[in-house]
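Below is the file start.cif, which contains mmCIF, C-alpha atoms and all ligand atoms.
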data_entry
loop_
_atom_site.label_atom_id
_atom_site.label_comp_id
_atom_site.auth_asym_id
_atom_site.auth_seq_id
_atom_site.Cartn_x
_atom_site.Cartn_y
_atom_site.Cartn_z
CA ASN A 1232 -89.14 83.22 35.45
CA GLU A 1233 -91.52 85.16 33.31
CA GLU A 1234 -90.81 88.88 33.33
CA ILE A 1235 -93.74 91.21 33.84
CA LEU A 1236 -92.15 94.61 34.45
CA SER A 1237 -88.78 96.07 33.62
CA VAL A 1238 -87.24 99.42 34.38
CA ASN A 1239 -84.47 100.30 31.98
CA ASN A 1240 -81.84 103.00 32.34
CA LEU A 1241 -84.29 105.23 34.18
CA HIS A 1242 -83.19 108.79 34.94
CA ILE A 1243 -85.37 111.21 36.91
CA SER A 1244 -84.58 114.81 37.79
CA PHE A 1245 -86.48 117.41 39.75
CA GLN A 1246 -86.25 121.07 38.85
CA THR A 1247 -85.68 123.13 41.97
CA GLN A 1248 -84.93 126.78 42.50
CA THR A 1249 -81.26 125.97 42.93
CA GLY A 1250 -81.02 123.69 39.91
CA ALA A 1251 -81.73 120.12 38.85
CA VAL A 1252 -81.62 117.34 41.41
CA LYS A 1253 -80.85 114.01 39.78
CA ALA A 1254 -82.86 111.78 42.08
CA VAL A 1255 -82.66 108.60 39.98
CA ARG A 1256 -79.65 107.89 37.82
CA GLY A 1257 -79.61 104.93 35.47
CA VAL A 1258 -81.76 102.47 37.37
CA ASN A 1259 -82.30 98.98 35.89
CA PHE A 1260 -84.33 96.13 37.30
CA LYS A 1261 -86.78 93.45 36.30
CA LEU A 1262 -89.75 91.99 38.10
CA ASN A 1263 -90.87 88.43 37.44
CA LYS A 1264 -94.43 87.14 37.75
CA GLY A 1265 -95.41 86.35 41.31
CA GLU A 1266 -92.08 87.28 42.93
CA THR A 1267 -91.16 89.93 45.48
CA LEU A 1268 -88.38 92.33 44.64
CA ALA A 1269 -87.29 94.48 47.56
CA ILE A 1270 -85.75 97.86 46.86
CA VAL A 1271 -83.78 98.80 49.92
CA GLY A 1272 -81.79 101.87 50.90
CA GLU A 1273 -81.69 104.88 53.22
CA SER A 1274 -84.31 107.60 52.90
CA GLY A 1275 -83.53 109.89 50.00
CA SER A 1276 -81.90 107.13 47.97
CA GLY A 1277 -84.56 107.33 45.27
CA LYS A 1278 -86.64 104.29 46.22
CA SER A 1279 -89.99 106.07 46.49
CA VAL A 1280 -89.30 108.22 43.45
CA THR A 1281 -88.64 105.08 41.42
CA ALA A 1282 -91.83 103.46 42.74
CA LYS A 1283 -93.95 106.50 42.01
CA SER A 1284 -92.53 106.80 38.51
CA ILE A 1285 -93.87 103.33 37.70
CA MET A 1286 -97.35 104.57 38.62
CA ARG A 1287 -96.69 107.93 36.96
CA LEU A 1288 -97.47 109.68 40.23
CA LEU A 1289 -94.58 112.15 40.27
CA PRO A 1290 -95.49 115.85 40.18
CA LYS A 1291 -95.79 116.94 36.58
CA HIS A 1292 -94.63 120.53 36.92
CA ASN A 1293 -91.06 119.82 38.06
CA THR A 1294 -90.26 116.22 37.13
CA LEU A 1295 -88.08 115.39 34.17
CA ILE A 1296 -87.50 111.89 32.84
CA PRO A 1297 -84.80 112.52 30.23
CA GLN A 1298 -83.96 108.86 29.65
CA GLY A 1299 -85.27 105.39 30.23
CA ASP A 1300 -88.38 103.30 29.94
CA ILE A 1301 -90.69 101.35 32.21
CA THR A 1302 -91.95 98.37 30.28
CA TYR A 1303 -95.03 96.54 31.50
CA GLU A 1304 -96.17 93.60 29.40
CA GLY A 1305 -94.46 95.04 26.35
CA ARG A 1306 -95.69 98.64 26.70
CA ASP A 1307 -93.67 101.63 27.90
CA LEU A 1308 -95.76 103.08 30.74
CA LEU A 1309 -94.00 106.42 30.36
CA LYS A 1310 -95.51 106.77 26.88
CA LEU A 1311 -99.11 105.85 27.68
CA SER A 1312 -101.86 108.43 27.46
CA LEU A 1313 -103.25 109.49 30.81
CA SER A 1314 -106.47 107.55 30.26
CA ASP A 1315 -104.57 104.36 29.32
CA MET A 1316 -102.39 104.88 32.38
CA GLN A 1317 -105.48 105.21 34.55
CA LYS A 1318 -106.69 101.86 33.26
CA VAL A 1319 -103.34 100.31 34.17
CA ARG A 1320 -103.56 101.82 37.66
CA GLY A 1321 -107.10 100.59 38.19
CA SER A 1322 -106.60 97.03 37.09
CA GLU A 1323 -102.99 96.02 36.43
CA ILE A 1324 -100.67 97.77 38.88
CA SER A 1325 -101.68 98.97 42.35
CA MET A 1326 -99.80 100.86 45.01
CA VAL A 1327 -99.88 100.87 48.79
CA PHE A 1328 -98.26 103.75 50.69
CA GLN A 1329 -96.80 104.08 54.16
CA ASP A 1330 -99.71 106.22 55.34
CA PRO A 1331 -103.03 104.51 54.56
CA MET A 1332 -104.77 107.89 54.55
CA THR A 1333 -102.90 108.69 51.33
CA SER A 1334 -105.23 106.24 49.61
CA LEU A 1335 -108.40 106.69 51.68
CA ASN A 1336 -111.04 109.36 51.46
CA PRO A 1337 -111.96 110.29 55.05
CA THR A 1338 -115.49 111.30 54.10
CA MET A 1339 -116.49 108.17 52.21
CA LYS A 1340 -117.58 104.78 53.50
CA ILE A 1341 -114.92 102.07 53.16
CA GLY A 1342 -117.16 99.80 51.10
CA LYS A 1343 -117.94 102.53 48.63
CA GLN A 1344 -114.26 103.35 48.21
CA ILE A 1345 -113.40 99.76 47.38
CA MET A 1346 -116.37 99.51 45.02
CA GLU A 1347 -115.55 102.67 43.07
CA GLY A 1348 -112.59 101.26 41.16
CA LEU A 1349 -114.33 97.96 40.55
CA ILE A 1350 -117.31 99.66 38.95
CA LYS A 1351 -115.17 102.02 36.93
CA HIS A 1352 -112.34 99.75 35.76
CA GLN A 1353 -113.66 96.22 36.10
CA LYS A 1354 -117.11 97.16 34.76
CA MET A 1355 -118.78 95.41 37.67
CA THR A 1356 -122.38 96.08 38.62
CA LYS A 1357 -122.96 97.71 41.99
CA LYS A 1358 -124.06 94.40 43.42
CA GLU A 1359 -121.00 92.53 42.13
CA ALA A 1360 -118.70 95.27 43.39
CA LYS A 1361 -120.27 95.16 46.83
CA GLN A 1362 -119.87 91.41 46.97
CA ARG A 1363 -116.22 91.75 45.94
CA ALA A 1364 -115.59 94.50 48.51
CA PHE A 1365 -117.06 92.29 51.21
CA GLN A 1366 -114.98 89.34 50.06
CA MET A 1367 -111.81 91.45 50.07
CA LEU A 1368 -112.42 92.84 53.58
CA LYS A 1369 -112.89 89.29 54.80
CA MET A 1370 -109.77 88.18 52.98
CA VAL A 1371 -107.61 90.83 54.66
CA GLY A 1372 -108.94 89.80 58.05
CA ILE A 1373 -111.34 92.62 58.93
CA PRO A 1374 -113.80 91.25 61.51
CA ASN A 1375 -117.52 91.79 60.85
CA ALA A 1376 -116.68 92.64 57.26
CA GLU A 1377 -120.28 93.11 56.21
CA GLU A 1378 -120.94 95.84 58.78
CA ARG A 1379 -117.52 97.38 58.32
CA LEU A 1380 -118.30 98.16 54.69
CA ASP A 1381 -120.40 101.01 56.06
CA GLY A 1382 -117.63 102.31 58.32
CA TYR A 1383 -115.54 105.41 57.73
CA PRO A 1384 -111.71 105.38 57.79
CA HIS A 1385 -111.50 107.12 61.20
CA GLN A 1386 -113.42 104.22 62.74
CA PHE A 1387 -110.53 101.86 61.93
CA SER A 1388 -107.21 101.50 63.75
CA GLY A 1389 -103.96 102.17 61.87
CA GLY A 1390 -103.34 98.49 61.22
CA MET A 1391 -106.96 97.90 60.13
CA ARG A 1392 -106.75 100.90 57.81
CA GLN A 1393 -103.67 99.45 56.15
CA ARG A 1394 -105.61 96.18 55.73
CA VAL A 1395 -108.41 98.13 54.06
CA VAL A 1396 -105.92 99.80 51.73
CA ILE A 1397 -104.45 96.42 50.83
CA ALA A 1398 -107.98 95.12 50.18
CA MET A 1399 -108.58 98.09 47.94
CA ALA A 1400 -105.30 97.66 46.09
CA LEU A 1401 -105.87 93.96 45.49
CA ALA A 1402 -109.62 94.07 44.77
CA CYS A 1403 -108.96 94.44 41.04
CA ASN A 1404 -106.58 91.47 41.11
CA PRO A 1405 -103.55 93.43 39.87
CA LYS A 1406 -100.53 91.64 38.46
CA VAL A 1407 -98.16 94.01 40.23
CA LEU A 1408 -98.40 95.56 43.68
CA ILE A 1409 -96.02 98.34 44.59
CA ALA A 1410 -95.77 98.69 48.36
CA ASP A 1411 -93.82 101.72 49.62
CA GLU A 1412 -92.86 101.18 53.28
CA PRO A 1413 -96.28 99.57 53.86
CA THR A 1414 -95.63 98.70 57.51
CA THR A 1415 -93.19 101.40 58.61
CA ALA A 1416 -95.84 103.42 60.44
CA LEU A 1417 -97.19 100.41 62.35
CA ASP A 1418 -96.02 98.87 65.59
CA VAL A 1419 -93.98 95.69 65.41
CA THR A 1420 -96.74 93.15 66.09
CA ILE A 1421 -99.13 94.69 63.58
CA GLN A 1422 -96.24 95.03 61.13
CA ALA A 1423 -95.64 91.27 61.23
CA GLN A 1424 -99.35 90.58 60.72
CA ILE A 1425 -99.57 92.85 57.70
CA LEU A 1426 -96.45 91.33 56.11
CA ARG A 1427 -97.85 87.85 56.70
CA LEU A 1428 -101.11 88.96 55.11
CA MET A 1429 -99.35 90.38 52.06
CA LYS A 1430 -97.45 87.14 51.63
CA ASP A 1431 -100.60 85.02 51.90
CA LEU A 1432 -102.49 87.17 49.43
CA GLN A 1433 -99.56 87.14 47.06
CA GLU A 1434 -99.62 83.35 47.02
CA LYS A 1435 -103.38 83.22 46.55
CA MET A 1436 -103.49 85.85 43.82
CA ASP A 1437 -100.07 85.34 42.25
CA THR A 1438 -99.23 89.05 42.48
CA ALA A 1439 -95.72 90.29 41.87
CA ILE A 1440 -94.60 92.78 44.53
CA VAL A 1441 -92.12 95.62 44.43
CA LEU A 1442 -91.47 96.24 48.11
CA ILE A 1443 -89.83 99.52 49.03
CA THR A 1444 -88.26 99.49 52.47
CA HIS A 1445 -85.34 100.67 54.55
CA ASP A 1446 -85.75 97.69 56.87
CA LEU A 1447 -83.58 94.67 56.12
CA GLY A 1448 -85.64 92.61 58.56
CA VAL A 1449 -88.66 93.15 56.32
CA VAL A 1450 -86.54 92.27 53.29
CA ALA A 1451 -85.40 89.02 54.90
CA ASN A 1452 -89.02 88.06 55.55
CA MET A 1453 -90.48 88.97 52.21
CA ALA A 1454 -88.10 89.21 49.28
CA ASN A 1455 -86.98 86.77 46.62
CA ARG A 1456 -84.61 89.31 45.14
CA VAL A 1457 -83.11 92.54 46.43
CA ALA A 1458 -81.94 95.76 44.79
CA VAL A 1459 -79.82 98.03 47.00
CA MET A 1460 -80.18 101.72 46.19
CA TYR A 1461 -77.76 104.47 47.08
CA ALA A 1462 -77.88 108.09 45.95
CA GLY A 1463 -80.29 107.37 43.11
CA GLU A 1464 -78.54 104.27 41.79
CA ILE A 1465 -78.89 100.55 42.27
CA VAL A 1466 -75.43 99.67 43.56
CA GLU A 1467 -76.02 95.95 44.02
CA GLN A 1468 -78.70 93.52 43.00
CA GLY A 1469 -79.16 89.82 43.62
CA THR A 1470 -81.19 87.04 45.18
CA LEU A 1471 -81.96 87.32 48.88
CA ASP A 1472 -79.16 84.86 49.64
CA GLU A 1473 -76.65 86.65 47.44
CA ILE A 1474 -77.32 89.99 49.10
CA PHE A 1475 -77.41 88.65 52.66
CA TYR A 1476 -74.67 86.04 52.50
CA LYS A 1477 -72.40 87.18 49.66
CA PRO A 1478 -72.74 90.96 49.63
CA GLN A 1479 -70.10 92.60 47.45
CA HIS A 1480 -70.77 96.33 47.56
CA PRO A 1481 -69.27 98.19 50.53
CA TYR A 1482 -72.59 99.98 51.02
CA THR A 1483 -74.50 96.68 51.21
CA LEU A 1484 -71.93 95.44 53.73
CA GLY A 1485 -72.42 98.61 55.73
CA LEU A 1486 -76.20 98.20 55.73
CA LEU A 1487 -75.95 94.60 56.89
CA HIS A 1488 -73.55 95.50 59.68
CA SER A 1489 -75.82 98.27 60.89
CA MET A 1490 -78.84 95.96 61.26
CA PRO A 1491 -79.34 94.91 64.87
CA ASN A 1492 -81.73 91.98 64.42
CA LEU A 1493 -79.65 90.34 61.73
CA ASN A 1494 -76.49 90.67 63.74
CA ALA A 1495 -77.84 89.40 67.02
CA SER A 1496 -76.10 86.05 66.76
CA ARG A 1497 -72.89 87.42 65.28
CA SER A 1498 -69.88 88.39 67.30
CA GLU A 1499 -69.16 91.52 65.26
CA PRO A 1500 -70.26 94.79 66.82
CA LEU A 1501 -72.89 96.99 65.13
CA ILE A 1502 -71.26 99.65 63.04
CA PRO A 1503 -73.41 102.41 61.63
CA ILE A 1504 -72.18 103.69 58.25
CA PRO A 1505 -70.33 106.91 59.03
CA GLY A 1506 -71.13 110.06 57.07
CA SER A 1507 -74.27 110.89 55.14
CA PRO A 1508 -75.46 110.45 51.54
CA PRO A 1509 -74.12 112.96 49.00
CA ASP A 1510 -76.02 116.02 47.84
CA LEU A 1511 -77.70 114.91 44.63
CA ALA A 1512 -77.55 118.43 43.25
CA THR A 1513 -73.76 118.59 43.36
CA LEU A 1514 -72.75 115.00 42.74
CA GLY A 1515 -69.36 114.59 41.05
CA THR A 1516 -68.24 112.11 38.43
CA GLY A 1517 -66.91 109.34 40.63
CA CYS A 1518 -68.56 106.70 42.77
CA PRO A 1519 -71.37 108.29 44.83
CA PHE A 1520 -70.31 106.23 47.87
CA ALA A 1521 -66.66 107.33 47.71
CA ALA A 1522 -66.88 109.80 50.61
CA ARG A 1523 -68.21 107.12 52.99
CA CYS A 1524 -66.58 104.00 51.67
CA PRO A 1525 -63.82 102.36 53.75
CA TYR A 1526 -62.14 101.02 50.57
CA THR A 1527 -62.06 104.13 48.37
CA MET A 1528 -59.27 104.12 45.78
CA LYS A 1529 -58.16 106.98 43.55
CA VAL A 1530 -60.14 105.64 40.60
CA CYS A 1531 -63.31 105.83 42.72
CA HIS A 1532 -63.08 109.62 42.93
CA ASP A 1533 -62.33 110.06 39.24
CA PHE A 1534 -64.59 107.59 37.45
CA HIS A 1535 -68.03 106.18 38.01
CA PRO A 1536 -67.91 102.40 38.48
CA GLU A 1537 -69.60 100.28 35.83
CA THR A 1538 -71.95 97.44 36.63
CA THR A 1539 -70.17 94.10 36.92
CA GLN A 1540 -72.18 90.92 36.47
CA LEU A 1541 -71.01 88.48 39.16
CA GLY A 1542 -73.41 85.71 38.25
CA GLU A 1543 -76.69 85.17 36.51
CA SER A 1544 -78.66 87.13 39.11
CA HIS A 1545 -75.99 89.05 41.00
CA SER A 1546 -74.55 92.39 39.89
CA VAL A 1547 -72.63 95.18 41.57
CA SER A 1548 -71.37 98.66 40.69
CA CYS A 1549 -68.02 98.98 42.40
CA TRP A 1550 -64.45 99.31 41.23
CA LEU A 1551 -63.37 96.58 43.66
CA GLN A 1552 -65.21 94.05 41.50
CA ASP A 1553 -64.04 95.46 38.17
CA VAL A 1554 -61.46 93.27 36.42
CA ARG A 1555 -59.60 96.40 35.32
CA THR A 1556 -58.76 97.33 38.91
CA PRO A 1557 -55.23 96.11 39.67
CA ALA A 1558 -55.33 93.41 42.35
CA GLU A 1559 -52.82 95.25 44.54
CA HIS A 1560 -55.21 98.18 44.84
CA VAL A 1561 -57.89 95.99 46.34
CA PRO A 1562 -57.65 95.81 50.14
CA GLU A 1563 -56.75 92.39 51.46
CA LYS A 1564 -59.92 92.25 53.52
CA VAL A 1565 -62.00 92.37 50.33
CA ARG A 1566 -59.79 90.07 48.25
CA SER A 1567 -60.01 87.13 50.64
FE1 LIG B 1601 -66.07 102.12 47.47
FE2 LIG B 1601 -64.76 102.61 45.22
FE3 LIG B 1601 -66.48 100.63 45.34
FE4 LIG B 1601 -67.33 103.12 45.36
S1 LIG B 1601 -66.30 102.10 43.69
S2 LIG B 1601 -68.03 101.51 46.65
S3 LIG B 1601 -65.76 104.11 46.55
S4 LIG B 1601 -64.57 100.82 46.47
MG MG B 1602 -89.61 106.87 50.86
#

Please lay out the structure from this file as structure tokens.
Ligand code: SF4
Ligand code: MG
Amino acid sequence: NEEILSVNNLHISFQTQTGAVKAVRGVNFKLNKGETLAIVGESGSGKSVTAKSIMRLLPKHNTLIPQGDITYEGRDLLKLSLSDMQKVRGSEISMVFQDPMTSLNPTMKIGKQIMEGLIKHQKMTKKEAKQRAFQMLKMVGIPNAEERLDGYPHQFSGGMRQRVVIAMALACNPKVLIADEPTTALDVTIQAQILRLMKDLQEKMDTAIVLITHDLGVVANMANRVAVMYAGEIVEQGTLDEIFYKPQHPYTLGLLHSMPNLNASRSEPLIPIPGSPPDLATLGTGCPFAARCPYTMKVCHDFHPETTQLGESHSVSCWLQDVRTPAEHVPEKVRS
């Protein structure tokens, strides 16, 4: 397991008119070569902010990163000059967004858009870039790829546009692909096709993927490892099996119980997690999940839980798993 990217003790705040919003609070994770790490959580949990920070795409005027580093192949991306960062974006780390039009220029031919980065960052000739663009469109399953190079984004369907964006993102053969809800806007059939495509390309090109999603079905299909985010923190992290079959954080349990397709064969009823995430501007000192957690103890309100390592790959931030919590405080349901 060779590590390619690591995010260490990352804190991100946004200045707003009413004060600082601490959107990401002490996030840690690693990405190994060729693997898929899913970051899962409700909207507003800090998933997209974390993803964008890796690409340095957060708005400059109101973003503060008071602590942490993002290390890619030994270099802290947060410390790179803008021009060095642009090189990283054009050839090492690529990003795909939920809405393909975020990445596409509506007034430029598809082929030209794919070629641009190749000419600029890969120093390809026009001819080489065109050949590569054609090859990529074919690879992502665009029919009549040669003609389609001359098409404009509006001439493609939503699913085809997302294929084009994936072609564009992978044309430079990046080592890391960050995909933020890449299939959320697509209907279910197309969604499955795009996920399949991403998986195939990942195998061919040995790309590591950070997959941001709120959909545990997508996670089950794609991920090797999973990080569960809540209120700007990773509350549990582990292999796919650890998260799905041995979840330890009450929030992870809640997410799993609220997933219809994963529960279809179970006898337990679907239970949505009651309540809503806390206001990040007024968060107290305790566990951020305390107001919604069915197991809250006094200590949870007073002190923030530390991260407990449950195994080599599995960790959780919850007082229930902390050895200092007296056994009699832990509900029987959790102990057994
Ligand atoms: Fe629930 Fe306490 Fe664990 Fe937070 S620390 S998830 S409130 S049991
Ligand atoms: Mg998001």

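Closest approach to ligand MG 1602 (chain B) from the set A:Ala1454, A:Met1460, A:Val1561, A:Leu1428 is made by A:Met1460, with distances taken over all atoms listed in the file.
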
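Summary of the local environment: counting all atoms listed in the file, residues at most 10 Å from Glu1304 of chain A, other than itself and those fewer than 4 positions away along its chain, are A:Glu1234, A:Ile1235, A:Leu1236, A:Ser1237, A:Leu1308.
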
Atoms kept (C-alpha atoms) for selection, written as an mmCIF file, in the frame of the given file:
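As a result, out_34.cif now contains:
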data_model
loop_
_atom_site.group_PDB
_atom_site.id
_atom_site.type_symbol
_atom_site.label_atom_id
_atom_site.label_comp_id
_atom_site.auth_asym_id
_atom_site.auth_seq_id
_atom_site.Cartn_x
_atom_site.Cartn_y
_atom_site.Cartn_z
ATOM 1 C CA GLU A 1234 -90.810 88.880 33.330
ATOM 2 C CA ILE A 1235 -93.740 91.210 33.840
ATOM 3 C CA LEU A 1236 -92.150 94.610 34.450
ATOM 4 C CA SER A 1237 -88.780 96.070 33.620
ATOM 5 C CA LEU A 1308 -95.760 103.080 30.740
#

Could you produce a table of the residues of chain A lying within 8 Å of ligand MG 1602 (chain B), with the nearest pair of atoms per residue and their separation in Å rounded to one decimal, using only C-alpha atoms and all ligand atoms, ordered by chain and increasing residue number, as a tab-separated table?
residue	atom	partner	partner_atom	distance
A:Ser1274	CA	B:MG1602	MG	5.7
A:Gly1275	CA	B:MG1602	MG	6.8
A:Gly1277	CA	B:MG1602	MG	7.5
A:Lys1278	CA	B:MG1602	MG	6.1
A:Ser1279	CA	B:MG1602	MG	4.5
A:Val1280	CA	B:MG1602	MG	7.5
A:Asp1411	CA	B:MG1602	MG	6.8
A:Glu1412	CA	B:MG1602	MG	7.0
A:Ile1443	CA	B:MG1602	MG	7.6
A:Thr1444	CA	B:MG1602	MG	7.7

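Computed from the coordinates, the atom CA of Ala1462 of chain A to atom CA of Phe1260 of chain A distance equals 16.1 Å.
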
Padding 5 Å on each side, edges along x, y and z: where is the centre of the box around the listed atoms of segment 1476-1489 of chain A, and how long are its edges in Å to one decimal? Output it as JSON.
{"center_x": -72.7, "center_y": 93.0, "center_z": 54.2, "size_x": 16.9, "size_y": 23.9, "size_z": 23.4}

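The shortest atom-to-atom distance to Glu1378 of chain A, with only C-alpha atoms taken into account, belongs to A:Ile1341 out of A:Ile1341, A:Arg1394, A:Lys1357, A:Thr1527.
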
With 12 Å as the threshold, what does the neighbourhood of (-70.5, 116.4, 41.0) contain in terms of residues, counting only C-alpha atoms? Coordinates are those of the file; answer as a PDB file with C-alpha atoms, in the coordinates of the input.
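Output contents, as saved in selection36.pdb:
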ATOM      1  CA  VAL A1252     -81.620 117.340  41.410  1.00  0.00           C
ATOM      2  CA  LYS A1253     -80.850 114.010  39.780  1.00  0.00           C
ATOM      3  CA  PRO A1509     -74.120 112.960  49.000  1.00  0.00           C
ATOM      4  CA  ASP A1510     -76.020 116.020  47.840  1.00  0.00           C
ATOM      5  CA  LEU A1511     -77.700 114.910  44.630  1.00  0.00           C
ATOM      6  CA  ALA A1512     -77.550 118.430  43.250  1.00  0.00           C
ATOM      7  CA  THR A1513     -73.760 118.590  43.360  1.00  0.00           C
ATOM      8  CA  LEU A1514     -72.750 115.000  42.740  1.00  0.00           C
ATOM      9  CA  GLY A1515     -69.360 114.590  41.050  1.00  0.00           C
ATOM     10  CA  THR A1516     -68.240 112.110  38.430  1.00  0.00           C
ATOM     11  CA  GLY A1517     -66.910 109.340  40.630  1.00  0.00           C
ATOM     12  CA  CYS A1518     -68.560 106.700  42.770  1.00  0.00           C
ATOM     13  CA  PRO A1519     -71.370 108.290  44.830  1.00  0.00           C
ATOM     14  CA  ALA A1521     -66.660 107.330  47.710  1.00  0.00           C
ATOM     15  CA  HIS A1532     -63.080 109.620  42.930  1.00  0.00           C
ATOM     16  CA  ASP A1533     -62.330 110.060  39.240  1.00  0.00           C
ATOM     17  CA  PHE A1534     -64.590 107.590  37.450  1.00  0.00           C
ATOM     18  CA  HIS A1535     -68.030 106.180  38.010  1.00  0.00           C
TER      19      HIS A1535
END

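Distance check against Gln1362 of chain A using only C-alpha atoms: of A:Lys1477, A:Arg1523, A:Lys1343, A:Arg1320, the minimum falls on A:Lys1343.
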
Query raised in the report: Leaving out Gly1272 of chain A and any residue of its chain fewer than 5 positions from it, which residues lie within 12 Å of it when counting all atoms listed in the file, given as a ChimeraX atom specification?
Result: /A:1277-1279,1412,1442-1447,1450,1457-1468,1482-1483,1485-1487,1508

Can you pull segment 1322-1338 of chain A out of that block with C-alpha atoms and hand it back as a PDB file, in the first residue's frame?
ATOM      1  CA  SER A1322      -1.083  16.605 -14.886  1.00  0.00           C
ATOM      2  CA  GLU A1323      -1.122  14.984 -11.438  1.00  0.00           C
ATOM      3  CA  ILE A1324      -4.501  15.507  -9.779  1.00  0.00           C
ATOM      4  CA  SER A1325      -7.775  16.024 -11.651  1.00  0.00           C
ATOM      5  CA  MET A1326     -11.276  16.722 -10.457  1.00  0.00           C
ATOM      6  CA  VAL A1327     -14.728  15.829 -11.724  1.00  0.00           C
ATOM      7  CA  PHE A1328     -17.757  17.705 -10.380  1.00  0.00           C
ATOM      8  CA  GLN A1329     -21.430  16.836 -10.061  1.00  0.00           C
ATOM      9  CA  ASP A1330     -22.386  19.227 -12.849  1.00  0.00           C
ATOM     10  CA  PRO A1331     -20.292  18.571 -15.967  1.00  0.00           C
ATOM     11  CA  MET A1332     -20.840  22.149 -17.105  1.00  0.00           C
ATOM     12  CA  THR A1333     -18.621  23.266 -14.221  1.00  0.00           C
ATOM     13  CA  SER A1334     -15.692  21.915 -16.219  1.00  0.00           C
ATOM     14  CA  LEU A1335     -16.893  22.550 -19.773  1.00  0.00           C
ATOM     15  CA  ASN A1336     -16.807  25.724 -21.797  1.00  0.00           C
ATOM     16  CA  PRO A1337     -20.140  25.934 -23.657  1.00  0.00           C
ATOM     17  CA  THR A1338     -18.648  27.925 -26.522  1.00  0.00           C
TER      18      THR A1338
END
